[in-house]
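Visitor: Have a look at this one.
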Amino acid sequence: MSSHPLPPWAPARPWRHGLALAAALCALGGSAAARCVDEESLDPGQAGHTADGAAPADPASAPMAPADPRTVLQTLVRDALERSHAVGAASMMAAAAQSDIEEAAAAQRIQASLTTGLGPGGSKTLAGTETSDMQLRASLNVSQLLYDGGRVDRLTDWRTQLAESARQGHLSASEQLAMTTVSLALERSRYRQHVVVYGQYVRKMGCLLEALETIVQTDRGRASELVQAHKNLQQAELAQSQAQSQARQVEVRLRRLVGDGLPSAQGLSSLFLQVPPLEQLIPEVEQSSDIAGLTAQAQAADRYAQAVAAGGKPQVSWTVSGSSSLGKGGSVGSTRNGSYAVGVAVTIPLLNPGVDAASDSARKRARAAELQRAEALEARRFRAAEVHEQTLASFDRARRTAEVLRDSEQVRNSTLQQWQQLGRRSLFDVMGAESEHYNLRIAYVNALHDGQQLNANLQTLGRGVREWLK
């Protein structure tokens, strides 16, 4: 396999009898014997063959030593995050939420405004009415809030929790993209290994077909066996072609996320093999970005309810104001007036029929957010337990398939030897043993990758696959 060993239950090179098989086929197929030696590797690029099962054109094109699979996935995830518009949008939303905090907190700072105006004006007093044909007016007002029952503080807390929710949303979007990238990388590894296995199956059928052609030249009565072998070869080629197509489809989806220049898939089949205990996963579920985001939303709703309730309390602020006006023409000719005021302003709400309903509504929404968070947390915990069981079951299936695969290797070798040398088996027995053996190898690849996919999902339910890759 690769430089990263598979678990102890993995097939320990169950195809090592190729040399003995080649020697037996020499008596039947001559030059076809060399092609009947089974490759020992499942990973693409191993055993001197490329991912599609063909030999390299020259030694210089042979694959280099594979990179560390964890590093490969880290690179893919990093490229996907850098290219993603959705993650970039989530980042901008988190940055915008930070600005909302500053806006809310600014309500307690000094406020100043300048108002100017130009046009006809006038005033009316007990002494009479005065008018100006043209009047220039200016007023300046400076104030600062001193007390509002904690409303601005609660609004600032509300914005802070919303910003935390946006930040967790950014992390959640990044985690989802990372999981999608890892999943596609594992699928790519799965189908590329399918291509390798079916490529070996094609070469084995081609070898038997050449041996049968030699036999039929001297025994025309076995022509039906040649037809059967040709049919099995076509079926193997069809399966290989389908696997190649599936691999290309996955690579198209992966390139959309990470760009061109995909790294080798070699070694990924041995990366997500260690399943963490369920007792370790359950506490990590609460630390996931999705649950943390819901927690922030519930806290934000609670702070908003407190801010609405504080809206019915008195407000105290200090204020400095001044105004000046210049007039010309009219009933009094040229005039110049000015005034100023310094003091403390107190605003006491006397009648606001809607504040109680608004406060009650905000409290109920806060309670609803808490219940939604509790429901999501409970569902996530049970989902983690379910996926954990599925993961263990998938790896157990891979282990059992590996055990059957070892027995299948012995059966196929014995069947082929009896057919070649002793005439005790028919070609149909040989074809059946070969088909069963390669189907078991595909089943083993599927079980192994299913387990790794589930294990990656398990990491996402907890601390996250990005954290695991670190």
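Simple scheme: letters A, B, ... for chains in structure tokens order, numbers from 1 for residues in each chain, numbers from 1 for ligands in the order shown.
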Would you please give, as a PyMOL selection string, all residues of range 62-210 of chain A that DSSP assigns to alpha helix (DSSP H) based on the backbone?

Guide: chain A and resi 69-83+85-105+151-210

Visitor: Which residues are close to range 155-160 of chain A, i.e. within 12 Å by only C-alpha atoms, leaving aside same-chain residues fewer than 4 positions away? Reply as a PyMOL selection string.

Guide: chain A and resi 94-108+148-151+164-167+296-311+366

Visitor: Compile the contact shell of Gly432 in chain A as a PyMOL selection string: residues with an atom at most 12 Å away, counting only C-alpha atoms, same-chain residues fewer than 3 positions apart removed.

Guide: chain A and resi 205+228-229+232+408+411-412+415-416+425-429+435-439

Visitor: Given the selection you just returned, output its residues as a file containing N, CA, C and O atoms, formatted as a compact mmCIF listing (two decimals), in the first residue's frame.

Guide:
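Wrote it out as result.txt, contents follow:
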```txt
# COMPACT_ATOMS: atom_id res chain seq x y z
N MET A 205 -8.16 -11.04 -17.03
CA MET A 205 -9.03 -11.66 -18.02
C MET A 205 -8.35 -11.72 -19.39
O MET A 205 -8.50 -12.70 -20.13
N GLN A 228 -16.91 -17.22 -23.47
CA GLN A 228 -17.20 -16.83 -22.09
C GLN A 228 -16.10 -15.92 -21.54
O GLN A 228 -16.38 -14.91 -20.88
N ALA A 229 -14.86 -16.26 -21.82
CA ALA A 229 -13.75 -15.44 -21.33
C ALA A 229 -13.79 -14.06 -21.97
O ALA A 229 -13.51 -13.04 -21.32
N ASN A 232 -16.45 -11.97 -20.23
CA ASN A 232 -16.00 -11.48 -18.93
C ASN A 232 -14.98 -10.35 -19.07
O ASN A 232 -14.97 -9.41 -18.27
N SER A 408 -10.70 -15.90 -0.33
CA SER A 408 -11.00 -15.85 -1.75
C SER A 408 -9.73 -15.98 -2.58
O SER A 408 -9.75 -16.60 -3.65
N VAL A 411 -8.91 -19.61 -2.80
CA VAL A 411 -9.86 -20.33 -3.64
C VAL A 411 -9.56 -20.08 -5.11
O VAL A 411 -9.52 -21.01 -5.92
N ARG A 412 -9.32 -18.81 -5.49
CA ARG A 412 -9.10 -18.50 -6.89
C ARG A 412 -7.80 -19.12 -7.39
O ARG A 412 -7.72 -19.61 -8.54
N THR A 415 -8.46 -22.89 -7.71
CA THR A 415 -9.35 -23.17 -8.84
C THR A 415 -8.60 -23.05 -10.16
O THR A 415 -8.73 -23.89 -11.06
N LEU A 416 -7.80 -21.99 -10.28
CA LEU A 416 -7.06 -21.79 -11.52
C LEU A 416 -6.03 -22.89 -11.73
O LEU A 416 -5.84 -23.40 -12.84
N ARG A 425 -11.48 -28.55 -12.91
CA ARG A 425 -12.41 -27.42 -12.84
C ARG A 425 -12.66 -26.91 -14.25
O ARG A 425 -11.80 -26.97 -15.13
N SER A 426 -13.86 -26.37 -14.45
CA SER A 426 -14.19 -25.77 -15.73
C SER A 426 -13.77 -24.30 -15.73
O SER A 426 -13.48 -23.71 -14.69
N LEU A 427 -13.77 -23.71 -16.91
CA LEU A 427 -13.45 -22.30 -17.01
C LEU A 427 -14.48 -21.45 -16.27
O LEU A 427 -14.16 -20.39 -15.73
N PHE A 428 -15.71 -21.93 -16.24
CA PHE A 428 -16.76 -21.17 -15.55
C PHE A 428 -16.45 -21.06 -14.06
O PHE A 428 -16.74 -20.05 -13.42
N ASP A 429 -15.86 -22.13 -13.49
CA ASP A 429 -15.43 -22.06 -12.09
C ASP A 429 -14.34 -21.02 -11.91
O ASP A 429 -14.33 -20.26 -10.94
N SER A 435 -14.19 -13.36 -10.63
CA SER A 435 -15.18 -12.30 -10.48
C SER A 435 -15.49 -12.05 -9.00
O SER A 435 -15.56 -10.89 -8.56
N GLU A 436 -15.65 -13.13 -8.26
CA GLU A 436 -15.94 -12.98 -6.83
C GLU A 436 -14.78 -12.28 -6.12
O GLU A 436 -14.98 -11.40 -5.26
N HIS A 437 -13.56 -12.65 -6.48
CA HIS A 437 -12.39 -12.08 -5.82
C HIS A 437 -12.29 -10.58 -6.06
O HIS A 437 -12.10 -9.79 -5.12
N TYR A 438 -12.44 -10.16 -7.30
CA TYR A 438 -12.32 -8.73 -7.59
C TYR A 438 -13.51 -7.93 -7.06
O TYR A 438 -13.37 -6.76 -6.68
N ASN A 439 -14.68 -8.55 -7.03
CA ASN A 439 -15.83 -7.88 -6.41
C ASN A 439 -15.59 -7.68 -4.92
O ASN A 439 -16.01 -6.66 -4.34
```

Visitor: Please return, as an MDAnalysis selection string, all residues of range 97-184 of chain A that DSSP assigns to strand (DSSP E or B) on the basis of the backbone.

Guide: chainID A and resid 111:125 128:147

Visitor: Looking at A:Leu136, A:Val252, A:Ala398, A:Leu162, which one is nearest to Gly117 in chain A, with distances taken over only C-alpha atoms?

Guide: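 Smallest distance to Gly117 in chain A is found for A:Leu136.
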
Visitor: Neighbouring residues of Asp260 in chain A were defined as those with any atom within 12 Å, considering only C-alpha atoms; residues of the same chain fewer than 3 positions away were excluded. Please report them as a list in words.

Guide: Leu76, Asp79, Ala80, Arg83, Glu251, Val252, Arg253, Leu254, Arg255, Arg256, Leu257 and Pro263 of chain A

Visitor: Find the distance between CA of Glu370 in chain A and CA of Ile291 in chain A and write it in Å to one decimal.

Guide: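 Atom-to-atom, CA of Glu370 in chain A and CA of Ile291 in chain A are spaced 11.1 Å apart.
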
Visitor: Choose the residue, out of A:Thr295, A:Leu469, A:Ser264, A:Gln280, that has the smallest atom-to-atom separation from Glu375 in chain A; count only C-alpha atoms.

Guide: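 Among the listed residues, the smallest separation from Glu375 in chain A belongs to A:Thr295.
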